[in-house]
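Pasting model-v5.json here (JSON, C-alpha atoms):
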```json
[["chain", "number", "residue", "atom", "x", "y", "z"],
["A", 1, "MET", "CA", -24.03, -52.49, 22.08],
["A", 2, "ALA", "CA", -21.58, -54.38, 19.86],
["A", 3, "PHE", "CA", -20.89, -54.07, 16.16],
["A", 4, "ALA", "CA", -20.68, -57.03, 13.80],
["A", 5, "ASN", "CA", -17.21, -56.00, 12.72],
["A", 6, "ALA", "CA", -15.55, -54.94, 15.99],
["A", 7, "ALA", "CA", -12.18, -54.49, 14.32],
["A", 8, "ILE", "CA", -13.35, -51.37, 12.50],
["A", 9, "SER", "CA", -15.70, -49.90, 15.09],
["A", 10, "ASP", "CA", -13.12, -47.21, 15.98],
["A", 11, "ILE", "CA", -12.20, -46.40, 12.42],
["A", 12, "ILE", "CA", -13.90, -42.98, 12.35],
["A", 13, "ALA", "CA", -11.95, -41.78, 15.35],
["A", 14, "THR", "CA", -8.62, -43.15, 14.16],
["A", 15, "THR", "CA", -9.11, -41.81, 10.65],
["A", 16, "ILE", "CA", -9.90, -38.31, 11.92],
["A", 17, "GLN", "CA", -6.94, -38.48, 14.30],
["A", 18, "SER", "CA", -4.57, -39.39, 11.47],
["A", 19, "ARG", "CA", -5.83, -36.41, 9.46],
["A", 20, "THR", "CA", -5.87, -33.83, 12.26],
["A", 21, "LYS", "CA", -2.85, -31.83, 11.08],
["A", 22, "THR", "CA", -4.07, -31.91, 7.47],
["A", 23, "ILE", "CA", -7.55, -30.71, 8.41],
["A", 24, "ALA", "CA", -6.21, -27.86, 10.55],
["A", 25, "ASP", "CA", -3.80, -26.82, 7.78],
["A", 26, "ASN", "CA", -6.51, -26.92, 5.15],
["A", 27, "VAL", "CA", -8.71, -24.64, 7.24],
["A", 28, "THR", "CA", -5.83, -22.14, 7.31],
["A", 29, "LYS", "CA", -5.21, -22.42, 3.58],
["A", 30, "ASN", "CA", -8.92, -21.97, 2.80],
["A", 31, "ASN", "CA", -9.02, -18.34, 3.98],
["A", 32, "ALA", "CA", -6.89, -15.38, 2.88],
["A", 33, "LEU", "CA", -6.75, -13.80, 6.34],
["A", 34, "LEU", "CA", -5.66, -17.06, 7.99],
["A", 35, "SER", "CA", -3.09, -17.65, 5.25],
["A", 36, "TRP", "CA", -1.45, -14.27, 5.87],
["A", 37, "MET", "CA", -1.49, -14.78, 9.65],
["A", 38, "SER", "CA", 0.16, -18.16, 9.12],
["A", 39, "LYS", "CA", 2.88, -16.46, 7.08],
["A", 40, "ARG", "CA", 3.49, -14.05, 9.97],
["A", 41, "GLY", "CA", 3.50, -16.83, 12.55],
["A", 42, "ASN", "CA", 0.34, -15.43, 14.14],
["A", 43, "ILE", "CA", -1.55, -18.70, 14.38],
["A", 44, "LYS", "CA", -0.84, -19.37, 18.03],
["A", 45, "THR", "CA", -2.49, -22.18, 19.94],
["A", 46, "VAL", "CA", -3.76, -21.74, 23.48],
["A", 47, "SER", "CA", -3.23, -24.44, 26.10],
["A", 48, "GLY", "CA", -6.03, -23.45, 28.48],
["A", 49, "GLY", "CA", -7.60, -20.75, 30.64],
["A", 50, "SER", "CA", -11.12, -19.49, 31.21],
["A", 51, "SER", "CA", -10.65, -17.03, 28.33],
["A", 52, "ILE", "CA", -8.09, -16.13, 25.66],
["A", 53, "MET", "CA", -5.82, -13.25, 26.64],
["A", 54, "GLN", "CA", -4.12, -11.18, 23.94],
["A", 55, "GLU", "CA", -1.39, -8.92, 25.33],
["A", 56, "LEU", "CA", -1.11, -5.40, 23.93],
["A", 57, "SER", "CA", 0.69, -2.11, 24.49],
["A", 58, "PHE", "CA", -1.67, 0.85, 24.88],
["A", 59, "ALA", "CA", 0.76, 3.70, 25.67],
["A", 60, "GLY", "CA", 4.39, 4.71, 25.32],
["A", 61, "ASN", "CA", 6.89, 4.82, 28.20],
["A", 62, "GLY", "CA", 6.70, 8.34, 29.61],
["A", 63, "ASN", "CA", 10.24, 8.07, 31.01],
["A", 64, "ALA", "CA", 11.73, 8.39, 27.53],
["A", 65, "GLY", "CA", 13.36, 11.79, 26.99],
["A", 66, "PHE", "CA", 16.55, 13.75, 26.48],
["A", 67, "TYR", "CA", 18.98, 14.55, 29.29],
["A", 68, "SER", "CA", 22.28, 16.28, 29.92],
["A", 69, "GLY", "CA", 25.28, 15.21, 32.00],
["A", 70, "TYR", "CA", 24.41, 14.15, 35.56],
["A", 71, "GLU", "CA", 20.77, 15.12, 35.28],
["A", 72, "THR", "CA", 18.46, 12.77, 37.21],
["A", 73, "LEU", "CA", 16.60, 10.36, 34.98],
["A", 74, "PRO", "CA", 12.92, 9.53, 35.61],
["A", 75, "ILE", "CA", 12.36, 5.97, 36.82],
["A", 76, "ALA", "CA", 8.65, 6.07, 37.68],
["A", 77, "ALA", "CA", 6.79, 2.82, 37.03],
["A", 78, "GLN", "CA", 4.96, 2.87, 33.72],
["A", 79, "ASP", "CA", 1.62, 1.14, 33.22],
["A", 80, "VAL", "CA", 1.78, 0.53, 29.47],
["A", 81, "ILE", "CA", 0.91, -3.16, 29.01],
["A", 82, "SER", "CA", -2.57, -4.60, 29.17],
["A", 83, "ALA", "CA", -4.47, -7.43, 27.46],
["A", 84, "ALA", "CA", -7.63, -7.90, 25.46],
["A", 85, "GLU", "CA", -9.77, -10.76, 26.73],
["A", 86, "TYR", "CA", -11.67, -12.97, 24.31],
["A", 87, "GLN", "CA", -14.13, -15.73, 25.13],
["A", 88, "TRP", "CA", -13.84, -19.27, 23.83],
["A", 89, "LYS", "CA", -15.88, -20.11, 20.75],
["A", 90, "GLN", "CA", -16.60, -23.70, 19.78],
["A", 91, "ALA", "CA", -17.55, -25.46, 16.54],
["A", 92, "ALA", "CA", -18.19, -29.09, 15.66],
["A", 93, "CYS", "CA", -19.25, -31.36, 12.83],
["A", 94, "PRO", "CA", -20.37, -34.94, 13.64],
["A", 95, "VAL", "CA", -19.39, -37.82, 11.34],
["A", 96, "THR", "CA", -21.59, -40.93, 11.58],
["A", 97, "ILE", "CA", -21.69, -44.46, 10.26],
["A", 98, "SER", "CA", -24.41, -47.03, 10.88],
["A", 99, "GLY", "CA", -24.00, -50.66, 11.76],
["A", 100, "LEU", "CA", -25.53, -51.63, 8.42],
["A", 101, "GLU", "CA", -22.98, -49.50, 6.56],
["A", 102, "GLN", "CA", -20.22, -51.21, 8.49],
["A", 103, "LEU", "CA", -21.58, -54.59, 7.37],
["A", 104, "GLN", "CA", -21.97, -53.44, 3.77],
["A", 105, "ASN", "CA", -18.47, -51.97, 3.74],
["A", 106, "SER", "CA", -16.69, -54.64, 5.74],
["A", 107, "GLY", "CA", -13.68, -54.69, 3.44],
["A", 108, "PRO", "CA", -11.05, -52.30, 4.83],
["A", 109, "GLU", "CA", -10.57, -50.46, 1.53],
["A", 110, "ARG", "CA", -14.29, -49.89, 1.06],
["A", 111, "MET", "CA", -14.69, -48.67, 4.64],
["A", 112, "ILE", "CA", -11.85, -46.20, 4.29],
["A", 113, "ASP", "CA", -13.28, -44.91, 1.01],
["A", 114, "LEU", "CA", -16.64, -44.34, 2.65],
["A", 115, "LEU", "CA", -15.15, -42.60, 5.67],
["A", 116, "GLU", "CA", -12.75, -40.61, 3.52],
["A", 117, "ALA", "CA", -15.70, -39.15, 1.63],
["A", 118, "ARG", "CA", -17.61, -38.33, 4.81],
["A", 119, "ILE", "CA", -14.59, -36.83, 6.55],
["A", 120, "ASN", "CA", -13.85, -34.77, 3.43],
["A", 121, "VAL", "CA", -17.36, -33.36, 3.65],
["A", 122, "ALA", "CA", -16.96, -32.65, 7.37],
["A", 123, "GLU", "CA", -13.59, -31.03, 6.72],
["A", 124, "SER", "CA", -14.90, -28.74, 3.97],
["A", 125, "SER", "CA", -17.95, -27.91, 6.10],
["A", 126, "MET", "CA", -15.72, -26.84, 8.98],
["A", 127, "GLN", "CA", -13.47, -24.89, 6.61],
["A", 128, "ASN", "CA", -16.42, -22.92, 5.29],
["A", 129, "LEU", "CA", -17.89, -22.45, 8.77],
["A", 130, "ILE", "CA", -14.65, -20.96, 10.13],
["A", 131, "ALA", "CA", -13.95, -18.92, 6.98],
["A", 132, "LEU", "CA", -17.41, -17.31, 6.99],
["A", 133, "SER", "CA", -17.29, -16.74, 10.74],
["A", 134, "LEU", "CA", -14.07, -14.74, 10.40],
["A", 135, "TYR", "CA", -16.19, -12.01, 8.78],
["A", 136, "SER", "CA", -18.94, -12.14, 11.39],
["A", 137, "ASP", "CA", -19.77, -9.77, 14.25],
["A", 138, "GLY", "CA", -19.85, -12.61, 16.77],
["A", 139, "THR", "CA", -23.62, -12.51, 17.34],
["A", 140, "GLY", "CA", -24.48, -15.50, 15.14],
["A", 141, "SER", "CA", -25.78, -18.72, 16.71],
["A", 142, "GLY", "CA", -26.82, -16.84, 19.82],
["A", 143, "GLY", "CA", -23.42, -15.20, 20.31],
["A", 144, "LYS", "CA", -21.48, -18.47, 19.92],
["A", 145, "GLU", "CA", -19.81, -17.46, 16.66],
["A", 146, "ILE", "CA", -16.22, -16.23, 16.22],
["A", 147, "GLU", "CA", -15.76, -12.50, 16.83],
["A", 148, "GLY", "CA", -14.77, -11.73, 13.27],
["A", 149, "LEU", "CA", -13.84, -8.66, 11.28],
["A", 150, "ALA", "CA", -17.34, -7.16, 11.32],
["A", 151, "LYS", "CA", -16.87, -6.62, 15.06],
["A", 152, "GLN", "CA", -13.14, -6.12, 15.36],
["A", 153, "VAL", "CA", -12.81, -3.77, 12.37],
["A", 154, "ALA", "CA", -16.11, -2.04, 12.89],
["A", 155, "SER", "CA", -18.08, 0.29, 10.61],
["A", 156, "ASP", "CA", -18.42, 2.71, 13.53],
["A", 157, "PRO", "CA", -15.57, 2.29, 16.05],
["A", 158, "THR", "CA", -16.84, 5.09, 18.30],
["A", 159, "THR", "CA", -19.99, 3.40, 19.58],
["A", 160, "ALA", "CA", -20.10, 2.00, 23.12],
["A", 161, "THR", "CA", -19.09, -1.51, 22.13],
["A", 162, "THR", "CA", -16.77, -3.83, 24.01],
["A", 163, "VAL", "CA", -14.23, -5.68, 21.89],
["A", 164, "GLY", "CA", -11.91, -8.05, 23.69],
["A", 165, "GLY", "CA", -13.20, -6.70, 26.99],
["A", 166, "ILE", "CA", -12.17, -3.11, 26.13],
["A", 167, "ASP", "CA", -14.75, -0.37, 25.49],
["A", 168, "GLN", "CA", -13.83, 1.25, 22.19],
["A", 169, "SER", "CA", -15.81, 4.39, 22.98],
["A", 170, "THR", "CA", -13.65, 5.01, 26.07],
["A", 171, "TRP", "CA", -10.23, 4.04, 24.75],
["A", 172, "GLN", "CA", -9.27, 5.82, 21.54],
["A", 173, "PHE", "CA", -6.25, 3.55, 20.95],
["A", 174, "TRP", "CA", -8.73, 0.66, 20.61],
["A", 175, "ARG", "CA", -10.55, 2.09, 17.57],
["A", 176, "ASN", "CA", -9.98, 0.94, 14.02],
["A", 177, "LYS", "CA", -9.99, 3.45, 11.18],
["A", 178, "VAL", "CA", -12.84, 3.91, 8.70],
["A", 179, "PHE", "CA", -13.30, 5.45, 5.28],
["A", 180, "ARG", "CA", -16.89, 5.68, 4.10],
["A", 181, "ALA", "CA", -17.03, 6.60, 0.42],
["A", 182, "THR", "CA", -20.38, 8.39, 0.52],
["A", 183, "VAL", "CA", -19.39, 10.40, 3.62],
["A", 184, "ASN", "CA", -15.61, 10.87, 3.51],
["A", 185, "GLY", "CA", -15.22, 10.65, -0.25],
["A", 186, "THR", "CA", -16.88, 12.11, -3.33],
["A", 187, "GLY", "CA", -19.72, 9.60, -3.50],
["A", 188, "ALA", "CA", -20.23, 5.95, -4.28],
["A", 189, "THR", "CA", -17.00, 4.14, -5.16],
["A", 190, "THR", "CA", -16.17, 3.65, -8.83],
["A", 191, "LYS", "CA", -13.13, 2.50, -10.77],
["A", 192, "ASP", "CA", -12.13, 6.16, -11.02],
["A", 193, "THR", "CA", -12.29, 6.83, -7.26],
["A", 194, "ILE", "CA", -11.30, 3.55, -5.62],
["A", 195, "ASN", "CA", -7.58, 4.35, -5.55],
["A", 196, "ASP", "CA", -8.18, 7.79, -4.03],
["A", 197, "ASN", "CA", -10.34, 6.16, -1.36],
["A", 198, "LEU", "CA", -7.71, 3.53, -0.61],
["A", 199, "ASN", "CA", -5.07, 6.27, -0.41],
["A", 200, "ALA", "CA", -7.10, 8.16, 2.19],
["A", 201, "LEU", "CA", -7.55, 5.08, 4.37],
["A", 202, "TRP", "CA", -3.93, 3.94, 3.93],
["A", 203, "ALA", "CA", -2.62, 7.29, 5.22],
["A", 204, "GLN", "CA", -4.47, 6.73, 8.52],
["A", 205, "LEU", "CA", -2.87, 3.33, 9.07],
["A", 206, "VAL", "CA", 0.84, 3.92, 8.45],
["A", 207, "ARG", "CA", 3.27, 4.42, 11.33],
["A", 208, "GLY", "CA", 6.84, 4.49, 10.06],
["A", 209, "ASN", "CA", 7.55, 1.08, 8.57],
["A", 210, "ASP", "CA", 4.41, -0.33, 10.19],
["A", 211, "ARG", "CA", 1.70, -0.49, 7.54],
["A", 212, "PRO", "CA", -1.06, -2.74, 6.15],
["A", 213, "ASP", "CA", 0.06, -5.88, 4.37],
["A", 214, "LEU", "CA", -3.31, -7.31, 3.30],
["A", 215, "ILE", "CA", -6.39, -5.77, 1.70],
["A", 216, "ILE", "CA", -9.38, -8.07, 1.40],
["A", 217, "VAL", "CA", -12.12, -6.94, -0.98],
["A", 218, "ASP", "CA", -15.53, -8.15, -2.15],
["A", 219, "ASN", "CA", -16.51, -8.80, -5.76],
["A", 220, "GLY", "CA", -17.56, -5.20, -6.42],
["A", 221, "TYR", "CA", -14.44, -3.51, -5.10],
["A", 222, "TRP", "CA", -12.29, -6.15, -6.78],
["A", 223, "SER", "CA", -13.78, -5.35, -10.19],
["A", 224, "TYR", "CA", -13.32, -1.60, -9.59],
["A", 225, "PHE", "CA", -9.72, -2.06, -8.52],
["A", 226, "VAL", "CA", -8.84, -4.29, -11.47],
["A", 227, "ALA", "CA", -10.51, -1.86, -13.88],
["A", 228, "SER", "CA", -8.54, 1.04, -12.36],
["A", 229, "LEU", "CA", -5.17, -0.49, -13.20],
["A", 230, "GLN", "CA", -3.21, -0.11, -16.38],
["A", 231, "ALA", "CA", -1.85, -3.38, -17.81],
["A", 232, "GLN", "CA", 1.75, -2.57, -16.87],
["A", 233, "GLN", "CA", 0.71, -1.82, -13.27],
["A", 234, "ARG", "CA", -0.86, -5.20, -12.52],
["A", 235, "PHE", "CA", 1.61, -6.73, -10.16],
["A", 236, "THR", "CA", 1.01, -10.15, -8.69],
["A", 237, "SER", "CA", 2.80, -12.07, -5.99],
["A", 238, "THR", "CA", 4.24, -15.46, -6.94],
["A", 239, "GLU", "CA", 4.37, -16.45, -3.27],
["A", 240, "VAL", "CA", 0.69, -15.68, -2.80],
["A", 241, "ALA", "CA", -0.26, -17.45, -6.01],
["A", 242, "GLU", "CA", 1.52, -20.54, -4.74],
["A", 243, "ARG", "CA", -0.77, -20.44, -1.71],
["A", 244, "GLY", "CA", -3.79, -20.57, -3.99],
["A", 245, "PHE", "CA", -4.89, -16.93, -3.98],
["A", 246, "VAL", "CA", -5.01, -14.57, -6.95],
["A", 247, "THR", "CA", -3.68, -11.20, -5.84],
["A", 248, "LEU", "CA", -2.82, -7.72, -7.05],
["A", 249, "LYS", "CA", -0.69, -5.08, -5.35],
["A", 250, "TYR", "CA", -1.67, -1.78, -3.78],
["A", 251, "MET", "CA", 1.47, -0.02, -2.50],
["A", 252, "ASP", "CA", 3.24, -3.12, -1.15],
["A", 253, "ALA", "CA", 0.12, -4.73, 0.29],
["A", 254, "ASP", "CA", -1.56, -7.71, -1.32],
["A", 255, "VAL", "CA", -5.10, -7.12, -2.60],
["A", 256, "VAL", "CA", -7.11, -10.34, -2.46],
["A", 257, "LEU", "CA", -10.62, -11.21, -3.58],
["A", 258, "ASP", "CA", -12.37, -13.09, -0.80],
["A", 259, "GLY", "CA", -15.85, -12.83, -2.22],
["A", 260, "GLY", "CA", -16.59, -15.16, -5.09],
["A", 261, "ILE", "CA", -19.18, -17.91, -4.65],
["A", 262, "GLY", "CA", -20.60, -17.94, -1.15],
["A", 263, "GLY", "CA", -17.97, -15.58, 0.24],
["A", 264, "GLY", "CA", -18.40, -13.93, 3.61],
["A", 265, "MET", "CA", -17.30, -10.42, 2.64],
["A", 266, "PRO", "CA", -20.00, -7.73, 2.93],
["A", 267, "ILE", "CA", -21.00, -6.05, -0.34],
["A", 268, "LYS", "CA", -18.89, -3.02, -1.36],
["A", 269, "THR", "CA", -16.39, -3.49, 1.45],
["A", 270, "ALA", "CA", -12.61, -3.61, 1.81],
["A", 271, "TYR", "CA", -10.67, -4.52, 4.94],
["A", 272, "MET", "CA", -7.21, -2.94, 5.03],
["A", 273, "LEU", "CA", -5.34, -5.05, 7.56],
["A", 274, "ASN", "CA", -2.01, -5.17, 9.33],
["A", 275, "THR", "CA", -1.83, -8.86, 10.14],
["A", 276, "LYS", "CA", 1.05, -8.25, 12.54],
["A", 277, "TYR", "CA", -1.61, -7.44, 15.14],
["A", 278, "ILE", "CA", -4.18, -10.14, 14.29],
["A", 279, "PHE", "CA", -4.08, -13.65, 15.74],
["A", 280, "TYR", "CA", -5.92, -16.92, 15.19],
["A", 281, "ARG", "CA", -5.97, -18.71, 18.56],
["A", 282, "PRO", "CA", -7.25, -22.31, 18.46],
["A", 283, "HIS", "CA", -6.93, -24.51, 21.53],
["A", 284, "VAL", "CA", -3.92, -26.80, 21.24],
["A", 285, "ASP", "CA", -6.07, -29.86, 22.03],
["A", 286, "ARG", "CA", -9.18, -28.82, 20.08],
["A", 287, "ASN", "CA", -7.93, -27.74, 16.67],
["A", 288, "MET", "CA", -9.93, -29.83, 14.20],
["A", 289, "VAL", "CA", -9.59, -33.08, 16.14],
["A", 290, "SER", "CA", -11.85, -35.94, 17.07],
["A", 291, "LEU", "CA", -13.72, -34.85, 20.18],
["A", 292, "SER", "CA", -13.08, -38.21, 21.78],
["A", 293, "PRO", "CA", -10.83, -41.02, 20.54],
["A", 294, "SER", "CA", -13.02, -43.61, 22.25],
["A", 295, "LYS", "CA", -16.16, -45.15, 20.80],
["A", 296, "ARG", "CA", -19.29, -43.02, 20.70],
["A", 297, "TYR", "CA", -22.43, -45.07, 20.25],
["A", 298, "SER", "CA", -26.00, -43.94, 19.90],
["A", 299, "VAL", "CA", -28.08, -45.12, 22.84],
["A", 300, "ASN", "CA", -31.04, -46.18, 20.72],
["A", 301, "GLN", "CA", -29.51, -46.60, 17.24],
["A", 302, "ASP", "CA", -27.10, -49.00, 15.59],
["A", 303, "ALA", "CA", -24.60, -46.26, 14.77],
["A", 304, "GLU", "CA", -21.20, -44.85, 15.67],
["A", 305, "VAL", "CA", -20.56, -41.11, 15.88],
["A", 306, "GLN", "CA", -17.36, -39.11, 16.06],
["A", 307, "ILE", "CA", -17.23, -35.33, 16.28],
["A", 308, "LEU", "CA", -14.73, -33.15, 14.46],
["A", 309, "ALA", "CA", -14.25, -30.27, 16.89],
["A", 310, "TRP", "CA", -12.59, -26.86, 17.20],
["A", 311, "ALA", "CA", -12.34, -24.21, 19.92],
["A", 312, "GLY", "CA", -10.71, -20.79, 19.87],
["A", 313, "ASN", "CA", -11.27, -17.25, 18.61],
["A", 314, "LEU", "CA", -9.86, -14.46, 16.48],
["A", 315, "THR", "CA", -7.95, -11.90, 18.57],
["A", 316, "MET", "CA", -6.24, -8.56, 18.05],
["A", 317, "SER", "CA", -3.51, -6.62, 19.79],
["A", 318, "GLY", "CA", -3.77, -3.44, 17.69],
["A", 319, "ARG", "CA", -7.14, -2.33, 16.34],
["A", 320, "MET", "CA", -5.80, 1.15, 15.52],
["A", 321, "PHE", "CA", -3.75, -0.39, 12.70],
["A", 322, "GLN", "CA", -6.81, -1.93, 10.98],
["A", 323, "GLY", "CA", -9.08, -0.15, 8.52],
["A", 324, "LYS", "CA", -12.41, -0.63, 6.79],
["A", 325, "MET", "CA", -13.63, 1.01, 3.59],
["A", 326, "TYR", "CA", -17.27, 0.81, 2.62],
["A", 327, "GLU", "CA", -20.09, 2.82, 1.09]]
```
File written out as structure tokens:
Amino acid sequence: MAFANAAISDIIATTIQSRTKTIADNVTKNNALLSWMSKRGNIKTVSGGSSIMQELSFAGNGNAGFYSGYETLPIAAQDVISAAEYQWKQAACPVTISGLEQLQNSGPERMIDLLEARINVAESSMQNLIALSLYSDGTGSGGKEIEGLAKQVASDPTTATTVGGIDQSTWQFWRNKVFRATVNGTGATTKDTINDNLNALWAQLVRGNDRPDLIIVDNGYWSYFVASLQAQQRFTSTEVAERGFVTLKYMDADVVLDGGIGGGMPIKTAYMLNTKYIFYRPHVDRNMVSLSPSKRYSVNQDAEVQILAWAGNLTMSGRMFQGKMYE
């Protein structure tokens, strides 16, 4: 099959290719969790493998101890390093243009305008798809969805559930912390109790200087938290504001609303996260790129198709440092 204007028959692919870095960056900037991981340098591409391995330390070195003089020091081998194993997840958004549209938009400027609009739609669609999936439990689309916070920072971390190939009911170090207001607190969260509830969860997640740096809240908890603050206590972060997010401070962690219109946060929920142990792992060759730079033609239609594609997953190396507060 040949197109009337052969010179522009590859324009979808080349346009997507030229925008690859921008699209990938915009996906990161579209989500608070990804933005904080980017700041920490925890967006790490993967070059291959049958699965995504995330190394972690699950125990201390038992050889550490005090000694005196010529006392023999223990040198027994220590099995303290393991890895969580995550499966590849894939997402795509096709961009199409018909032969007639190529004829009607045969001027280069017109064609680019048309494709720019369609690629912008594909880009925003992928942004929203990834952003919403980061809050999922991984069961959506028949288990093809990203294993998001609903699974990795679970409401009940003691159930027999495997996360990253590790059974959380067997391994206590692999359990996130939970504060449920109606069970562990004085009742349903209000503006008068939200800070007490956050304090209780925070205390479970601090280890020396290691502590949460990001608290993501839904609309309800955001309104309670804002209402709980006195005017002189409303601290914002200029750096965060420059990244496009409105934020307040709890302790020295940023509190960010990630609800709003069409947000993925569950109702009356806060995730108290230490992003040092959270990673976004796209494949180095499949991070918002054209699935194939060559021409893709429909067998029985006068049309060209290119596919904006992504593969990867959300991984963790320390679930014990993550917390969830809900009702």
Tell me, as number ranges by chain, which residues lie within 10 Å of Thr159 of chain A, counting only C-alpha atoms; anything in the same chain fewer than 3 positions away does not count.
-> A: 154-156, 162, 167-170, 175
What does the file look like for those residues with C-alpha atoms, as a PDB file, keeping the file's coordinate frame?
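So out_34.pdb came out as:
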```pdb
ATOM      1  CA  ALA A 154     -16.110  -2.040  12.890  1.00  0.00           C
ATOM      2  CA  SER A 155     -18.080   0.290  10.610  1.00  0.00           C
ATOM      3  CA  ASP A 156     -18.420   2.710  13.530  1.00  0.00           C
ATOM      4  CA  THR A 162     -16.770  -3.830  24.010  1.00  0.00           C
ATOM      5  CA  ASP A 167     -14.750  -0.370  25.490  1.00  0.00           C
ATOM      6  CA  GLN A 168     -13.830   1.250  22.190  1.00  0.00           C
ATOM      7  CA  SER A 169     -15.810   4.390  22.980  1.00  0.00           C
ATOM      8  CA  THR A 170     -13.650   5.010  26.070  1.00  0.00           C
ATOM      9  CA  ARG A 175     -10.550   2.090  17.570  1.00  0.00           C
TER      10      ARG A 175
END
```
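The coordinates place atom CA of Asn120 of chain A at 21.1 Å from atom CA of Leu100 of chain A.
The smallest atom-to-atom distance between Tyr250 of chain A and any of A:Asn195, A:Thr190, A:Thr72, A:Thr28, using all atoms listed in the file, is found for A:Asn195.
Excluding Ser317 of chain A and any residue on its chain fewer than 5 positions from it, the residues at most 8 Å away by only C-alpha atoms are Gln54, Glu55, Leu56, Ser57, Ala83, Ala84, Tyr277 and Ile278 of chain A.
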Quick one: distance from atom CA of Met37 of chain A to atom CA of Val153 of chain A in Å, one decimal?
-> 16.0 Å
Final N, CA and C atoms of segment 270-284 of chain A as a CSV table (one decimal), in the coordinates of the input:
```
chain,number,residue,atom,x,y,z
A,270,ALA,N,-14.0,-3.2,1.8
A,270,ALA,CA,-12.6,-3.6,1.8
A,270,ALA,C,-12.1,-3.5,3.2
A,271,TYR,N,-11.4,-4.6,3.7
A,271,TYR,CA,-10.7,-4.5,4.9
A,271,TYR,C,-9.2,-4.3,4.7
A,272,MET,N,-8.6,-3.2,5.2
A,272,MET,CA,-7.2,-2.9,5.0
A,272,MET,C,-6.5,-3.3,6.4
A,273,LEU,N,-5.8,-4.4,6.3
A,273,LEU,CA,-5.3,-5.0,7.6
A,273,LEU,C,-3.8,-5.1,7.7
A,274,ASN,N,-3.4,-4.9,8.9
A,274,ASN,CA,-2.0,-5.2,9.3
A,274,ASN,C,-2.0,-6.5,10.1
A,275,THR,N,-1.7,-7.6,9.5
A,275,THR,CA,-1.8,-8.9,10.1
A,275,THR,C,-0.8,-9.1,11.2
A,276,LYS,N,0.1,-8.2,11.4
A,276,LYS,CA,1.0,-8.2,12.5
A,276,LYS,C,0.3,-8.2,13.9
A,277,TYR,N,-0.9,-7.6,13.9
A,277,TYR,CA,-1.6,-7.4,15.1
A,277,TYR,C,-2.9,-8.3,15.2
A,278,ILE,N,-3.0,-9.3,14.3
A,278,ILE,CA,-4.2,-10.1,14.3
A,278,ILE,C,-3.7,-11.6,14.5
A,279,PHE,N,-4.5,-12.3,15.4
A,279,PHE,CA,-4.1,-13.6,15.7
A,279,PHE,C,-5.3,-14.6,15.7
A,280,TYR,N,-5.0,-15.8,15.2
A,280,TYR,CA,-5.9,-16.9,15.2
A,280,TYR,C,-5.5,-17.8,16.3
A,281,ARG,N,-6.4,-18.1,17.3
A,281,ARG,CA,-6.0,-18.7,18.6
A,281,ARG,C,-6.8,-20.0,18.8
A,282,PRO,N,-6.5,-21.1,18.1
A,282,PRO,CA,-7.2,-22.3,18.5
A,282,PRO,C,-6.7,-23.0,19.7
A,283,HIS,N,-7.5,-23.8,20.4
A,283,HIS,CA,-6.9,-24.5,21.5
A,283,HIS,C,-6.0,-25.6,21.0
A,284,VAL,N,-4.9,-25.8,21.7
A,284,VAL,CA,-3.9,-26.8,21.2
A,284,VAL,C,-4.5,-28.2,21.2
```
